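For reference, entry_29.tsv is printed below; it contains TSV, C-alpha atoms.
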```
chain	number	residue	atom	x	y	z
W	1	MET	CA	115.30	119.54	86.73
W	2	SER	CA	112.31	121.65	85.71
W	3	VAL	CA	108.86	121.57	87.27
W	4	TYR	CA	106.38	120.61	84.56
W	5	LYS	CA	103.21	122.59	83.86
W	6	LEU	CA	100.18	120.46	83.10
W	7	SER	CA	97.78	121.24	80.28
W	8	SER	CA	94.16	120.19	79.88
W	9	LYS	CA	95.43	116.88	78.49
W	10	LEU	CA	94.98	114.01	80.93
W	11	GLU	CA	98.61	113.04	81.54
W	12	PHE	CA	101.52	113.36	83.98
W	13	PRO	CA	105.28	113.38	83.48
W	14	PRO	CA	107.15	110.31	84.81
W	15	PRO	CA	107.58	110.47	88.62
W	16	TYR	CA	111.39	110.09	88.40
W	17	LEU	CA	111.52	113.60	86.92
W	18	ALA	CA	110.41	115.11	90.25
W	19	GLU	CA	112.51	117.68	92.05
W	20	PRO	CA	114.60	116.45	95.03
W	21	ASN	CA	111.81	117.62	97.37
W	22	GLY	CA	109.28	115.52	95.43
W	23	LEU	CA	107.58	118.31	93.46
W	24	LEU	CA	106.78	117.00	89.98
W	25	CYS	CA	104.40	119.40	88.24
W	26	ILE	CA	101.86	122.20	88.62
W	27	GLY	CA	98.45	122.97	87.18
W	28	GLY	CA	95.77	120.70	85.81
W	29	ASP	CA	92.62	120.07	87.78
W	30	LEU	CA	91.16	117.87	90.51
W	31	SER	CA	88.77	115.88	88.34
W	32	THR	CA	88.13	112.29	89.35
W	33	GLU	CA	89.87	111.05	86.21
W	34	ARG	CA	93.03	113.07	86.85
W	35	LEU	CA	93.17	112.15	90.55
W	36	LEU	CA	92.86	108.44	89.82
W	37	LEU	CA	95.52	108.70	87.12
W	38	ALA	CA	97.80	110.52	89.55
W	39	TYR	CA	97.45	107.95	92.35
W	40	SER	CA	97.93	105.06	89.94
W	41	ASN	CA	101.28	106.64	89.01
W	42	GLY	CA	102.42	107.34	92.57
W	43	ILE	CA	101.55	111.04	92.40
W	44	PHE	CA	99.32	113.09	94.71
W	45	PRO	CA	98.17	116.73	95.01
W	46	TRP	CA	99.33	118.85	97.93
W	47	TYR	CA	99.06	122.63	98.04
W	48	SER	CA	97.72	125.58	100.03
W	49	ASP	CA	95.27	128.40	99.32
W	50	ASP	CA	98.00	130.79	98.20
W	51	GLU	CA	99.64	128.28	95.84
W	52	PRO	CA	98.81	126.81	92.42
W	53	LEU	CA	97.79	123.16	92.20
W	54	LEU	CA	100.97	121.19	92.97
W	55	TRP	CA	101.61	117.48	92.32
W	56	TRP	CA	104.19	115.42	94.22
W	57	SER	CA	106.01	112.10	94.09
W	58	PRO	CA	108.48	112.06	97.01
W	59	ASP	CA	111.58	109.92	97.33
W	60	PRO	CA	111.79	108.18	99.76
W	61	ARG	CA	108.17	107.14	100.26
W	62	LEU	CA	106.64	106.18	103.61
W	63	VAL	CA	104.64	102.95	103.48
W	64	LEU	CA	102.98	100.57	105.91
W	65	TYR	CA	102.43	96.90	105.21
W	66	PRO	CA	99.14	95.96	106.93
W	67	LYS	CA	100.66	92.84	108.52
W	68	ASN	CA	103.47	94.91	110.08
W	69	ILE	CA	101.40	97.38	112.07
W	70	LYS	CA	102.63	97.89	115.63
W	71	ILE	CA	99.95	98.05	118.31
W	72	SER	CA	100.94	98.84	121.89
W	73	ARG	CA	99.53	96.90	124.83
W	74	SER	CA	97.47	99.87	125.97
W	75	LEU	CA	96.07	100.39	122.48
W	76	ASN	CA	95.30	96.69	122.09
W	77	LYS	CA	93.45	96.79	125.41
W	78	LYS	CA	91.24	99.61	124.16
W	79	ILE	CA	90.53	97.70	120.96
W	80	LYS	CA	89.57	94.52	122.82
W	81	ASN	CA	87.37	96.48	125.25
W	82	HIS	CA	85.59	98.25	122.36
W	83	TYR	CA	86.56	101.63	123.76
W	84	PHE	CA	85.31	103.25	120.55
W	85	LYS	CA	82.49	102.35	118.21
W	86	ILE	CA	84.03	101.91	114.76
W	87	THR	CA	82.28	102.55	111.44
W	88	VAL	CA	83.42	102.89	107.85
W	89	ASP	CA	82.12	105.19	105.12
W	90	LYS	CA	79.37	106.50	107.40
W	91	ALA	CA	80.68	110.06	107.88
W	92	PHE	CA	83.21	110.75	105.14
W	93	GLU	CA	82.42	114.45	104.83
W	94	ASP	CA	82.69	114.91	108.60
W	95	VAL	CA	86.04	113.11	108.67
W	96	ILE	CA	87.67	115.10	105.87
W	97	SER	CA	86.35	118.36	107.32
W	98	ALA	CA	87.73	117.43	110.75
W	99	CYS	CA	91.13	116.59	109.23
W	100	SER	CA	91.24	120.09	107.78
W	101	MET	CA	89.86	121.91	110.82
W	102	THR	CA	92.12	120.27	113.41
W	103	ARG	CA	95.22	121.38	111.51
W	104	THR	CA	93.88	124.92	111.19
W	105	GLN	CA	92.96	125.03	114.88
W	106	ASN	CA	96.51	123.94	115.74
W	107	SER	CA	97.90	126.76	113.55
W	108	GLN	CA	99.25	124.22	111.06
W	109	GLU	CA	99.19	124.69	107.31
W	110	THR	CA	96.56	122.53	105.62
W	111	TRP	CA	96.44	121.26	102.05
W	112	LEU	CA	92.76	120.43	102.55
W	113	VAL	CA	91.44	123.59	100.97
W	114	ASP	CA	87.80	123.70	99.85
W	115	GLU	CA	88.64	122.61	96.30
W	116	MET	CA	90.44	119.51	97.61
W	117	ILE	CA	87.64	118.65	100.04
W	118	HIS	CA	85.01	118.82	97.29
W	119	ALA	CA	87.15	116.68	94.97
W	120	TYR	CA	87.61	113.92	97.56
W	121	ILE	CA	83.96	113.97	98.53
W	122	LYS	CA	83.21	113.32	94.86
W	123	LEU	CA	85.72	110.46	94.86
W	124	HIS	CA	83.94	109.04	97.89
W	125	LYS	CA	80.55	109.24	96.21
W	126	GLU	CA	82.02	107.42	93.23
W	127	GLY	CA	83.32	104.63	95.47
W	128	PHE	CA	87.09	105.28	95.46
W	129	ALA	CA	87.60	107.26	98.68
W	130	HIS	CA	86.83	105.76	102.08
W	131	SER	CA	86.77	106.82	105.70
W	132	VAL	CA	87.09	105.04	109.03
W	133	GLU	CA	85.30	106.69	111.95
W	134	CYS	CA	85.75	106.27	115.72
W	135	TRP	CA	82.83	107.32	117.91
W	136	LYS	CA	82.66	107.97	121.65
W	137	ASN	CA	79.28	108.69	123.25
W	138	ASP	CA	77.80	109.16	119.77
W	139	ARG	CA	80.34	111.86	118.93
W	140	LEU	CA	83.06	111.61	116.31
W	141	ALA	CA	86.29	111.05	118.26
W	142	GLY	CA	88.75	110.52	115.41
W	143	GLY	CA	89.24	108.91	112.05
W	144	LEU	CA	91.04	108.80	108.74
W	145	TYR	CA	90.35	108.75	105.01
W	146	GLY	CA	92.12	107.71	101.84
W	147	ILE	CA	91.87	106.33	98.32
W	148	SER	CA	91.62	102.66	97.38
W	149	LEU	CA	92.94	101.38	94.05
W	150	GLY	CA	93.74	97.75	93.35
W	151	GLY	CA	95.65	96.34	96.31
W	152	CYS	CA	96.87	99.72	97.59
W	153	PHE	CA	95.26	102.11	100.06
W	154	PHE	CA	96.56	105.68	99.74
W	155	GLY	CA	96.25	107.19	103.21
W	156	GLU	CA	95.51	110.90	102.99
W	157	SER	CA	94.93	112.27	106.47
W	158	MET	CA	93.78	111.42	109.99
W	159	PHE	CA	92.62	113.34	113.05
W	160	THR	CA	92.02	112.78	116.75
W	161	TYR	CA	89.70	114.50	119.19
W	162	VAL	CA	90.01	111.73	121.81
W	163	SER	CA	93.35	110.09	122.60
W	164	ASP	CA	94.19	107.05	120.43
W	165	ALA	CA	91.13	107.41	118.18
W	166	SER	CA	93.11	107.81	114.95
W	167	LYS	CA	95.46	104.97	115.95
W	168	ILE	CA	92.54	102.62	116.48
W	169	ALA	CA	91.04	103.75	113.17
W	170	LEU	CA	94.33	102.83	111.47
W	171	ALA	CA	94.53	99.49	113.29
W	172	THR	CA	90.97	98.68	112.21
W	173	LEU	CA	91.73	99.66	108.63
W	174	THR	CA	94.87	97.48	108.45
W	175	ASN	CA	92.93	94.47	109.73
W	176	HIS	CA	90.29	95.05	107.05
W	177	LEU	CA	92.93	95.43	104.33
W	178	LEU	CA	94.63	92.22	105.45
W	179	ASN	CA	91.35	90.38	105.01
W	180	LEU	CA	91.06	91.83	101.50
W	181	ASN	CA	94.65	90.83	100.60
W	182	PHE	CA	95.88	94.42	100.16
W	183	ASP	CA	99.62	94.88	99.67
W	184	LEU	CA	100.32	98.16	101.39
W	185	ILE	CA	99.19	101.53	102.70
W	186	ASP	CA	100.86	104.52	101.09
W	187	CYS	CA	101.56	106.99	103.89
W	188	GLN	CA	103.21	109.46	101.47
W	189	VAL	CA	105.54	111.48	103.73
W	190	THR	CA	107.34	110.54	106.92
W	191	THR	CA	105.93	111.31	110.37
W	192	ASP	CA	107.06	110.01	113.77
W	193	HIS	CA	103.47	109.04	114.54
W	194	LEU	CA	103.26	106.62	111.60
W	195	ILE	CA	106.77	105.26	112.10
W	196	SER	CA	105.83	104.39	115.67
W	197	MET	CA	103.03	102.25	114.25
W	198	GLY	CA	105.25	100.31	111.86
W	199	ALA	CA	105.55	102.50	108.77
W	200	PHE	CA	108.96	102.80	107.11
W	201	GLU	CA	110.61	104.48	104.15
W	202	ILE	CA	111.34	102.84	100.81
W	203	SER	CA	112.68	104.32	97.60
W	204	ARG	CA	110.27	105.79	95.09
W	205	LYS	CA	111.41	103.16	92.58
W	206	ALA	CA	110.57	100.35	95.01
W	207	PHE	CA	107.22	101.94	95.78
W	208	LEU	CA	106.31	102.26	92.11
W	209	ASN	CA	107.24	98.62	91.51
W	210	ILE	CA	104.94	97.48	94.34
W	211	LEU	CA	102.22	99.84	93.11
W	212	GLU	CA	102.41	98.42	89.59
W	213	TYR	CA	101.89	94.93	91.01
W	214	SER	CA	99.09	96.05	93.34
W	215	LEU	CA	97.13	97.77	90.59
W	216	GLN	CA	96.76	94.46	88.80
W	217	LYS	CA	94.26	93.49	91.50
W	218	PRO	CA	90.64	94.59	91.07
W	219	THR	CA	89.57	97.79	92.81
W	220	ILE	CA	86.92	97.25	95.47
W	221	ALA	CA	84.80	100.30	94.70
W	222	GLY	CA	81.57	101.38	96.35
W	223	GLU	CA	80.73	101.79	100.03
W	224	TRP	CA	82.81	99.63	102.36
W	225	ASP	CA	81.50	97.85	105.44
W	226	PHE	CA	83.68	96.16	108.08
```
Taking this structure as input, can you express it in the form of structure tokens?
Amino acid sequence: MSVYKLSSKLEFPPPYLAEPNGLLCIGGDLSTERLLLAYSNGIFPWYSDDEPLLWWSPDPRLVLYPKNIKISRSLNKKIKNHYFKITVDKAFEDVISACSMTRTQNSQETWLVDEMIHAYIKLHKEGFAHSVECWKNDRLAGGLYGISLGGCFFGESMFTYVSDASKIALATLTNHLLNLNFDLIDCQVTTDHLISMGAFEISRKAFLNILEYSLQKPTIAGEWDF
């Protein structure tokens, strides 16, 4: 199959045309309209400074149903003892910057280049991107961020400065999504960390079917508050 090159027209090729590694197309831009169109079609951007803008739709897809999250006894103890102070949408820019910096500090490649960071901050200001923050002694200890559309939360990245902070952020998020009758969290690509917390792989076709159903629900835009 060929990798498609996007034009200025606001459209994407069908996800099933993606390469075996999930790469679907290149080019386009990171406007709010294009990003929302991409996520609503099971597509997301992922690229580095030395690459063009790349769009992906992997098969299989890693997902987490909020009701299926696995919480260890030690983690549950921390949650019950309020080990961290938890907030939502109170430090989005700090969270996305930390997600980028922690990967760079660990000599890992990051897709959170400046252009991506600015685009997601704009999405946050427009009410579609959200963050969960964990605080310890008034310092940011960990957190996560993602995109919310319909009944689906598209998890983008998480970070931890203090042990278990990102796990507790995820546990808090899943509880909130359960209360809002969300269908799933899109975890995008497989990691041992997320599998240990209950995520599992499904086919791209199955994911797109669930996504189509989820997008029929209204999007809860604006600042969230747990």
Which residue of W:Cys152, W:Ala141, W:Cys134, W:Leu62 approaches His193 (chain W) most closely, using all atoms listed in the file: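 That would be W:Leu62, the residue with the smallest distance to His193 (chain W).
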Distance query Trp135 (chain W) at most 6 Å, only C-alpha atoms, self and fewer than 4 positions along chain excluded, as JSON, numbers by chain: {"W": [84, 85, 139, 140, 141]}
Gap from CA of Ser31 (chain W) to CA of Val113 (chain W) - Å, one decimal: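 CA of Val113 (chain W) lies at a distance of 15.0 Å from CA of Ser31 (chain W).
Proximity to Ala119 (chain W) was assessed for W:Glu19, W:Glu11, W:Asp186, W:Glu93 counting all atoms listed in the file; the smallest distance is recorded for W:Glu93.
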Region 97-165 of chain W residues near region 176-179 of chain W within 12 Å, closest pair each, using only C-alpha atoms, as CSV:
```
residue,atom,partner,partner_atom,distance
W:Val132,CA,W:His176,CA,10.7
W:Ser148,CA,W:Leu177,CA,10.1
W:Leu149,CA,W:Leu177,CA,11.9
W:Gly150,CA,W:Leu177,CA,11.3
W:Gly151,CA,W:Leu177,CA,8.5
W:Cys152,CA,W:Leu177,CA,8.9
W:Phe153,CA,W:Leu177,CA,8.3
W:Phe154,CA,W:Leu177,CA,11.8
```
Please report the interatomic distance between CA of Ser40 (chain W) and CA of Thr191 (chain W) in Å with one decimal.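 If I compute the distance from CA of Ser40 (chain W) to CA of Thr191 (chain W), I get 22.8 Å.
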Using CA of Met197 (chain W) and CA of Asn81 (chain W) as the two end points, give the distance in Å to one decimal.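 Pair CA of Met197 (chain W) / CA of Asn81 (chain W) returns 20.0 Å.
Candidate residues W:Leu64, W:Ile220, W:Leu194, W:Leu144 were compared for distance to Leu180 (chain W), and the nearest is W:Ile220, using all atoms listed in the file.
The closest residue to Phe92 (chain W), picked from W:Leu123, W:Asn68, W:Ser131, W:Asp114 and counting only C-alpha atoms, is W:Ser131.
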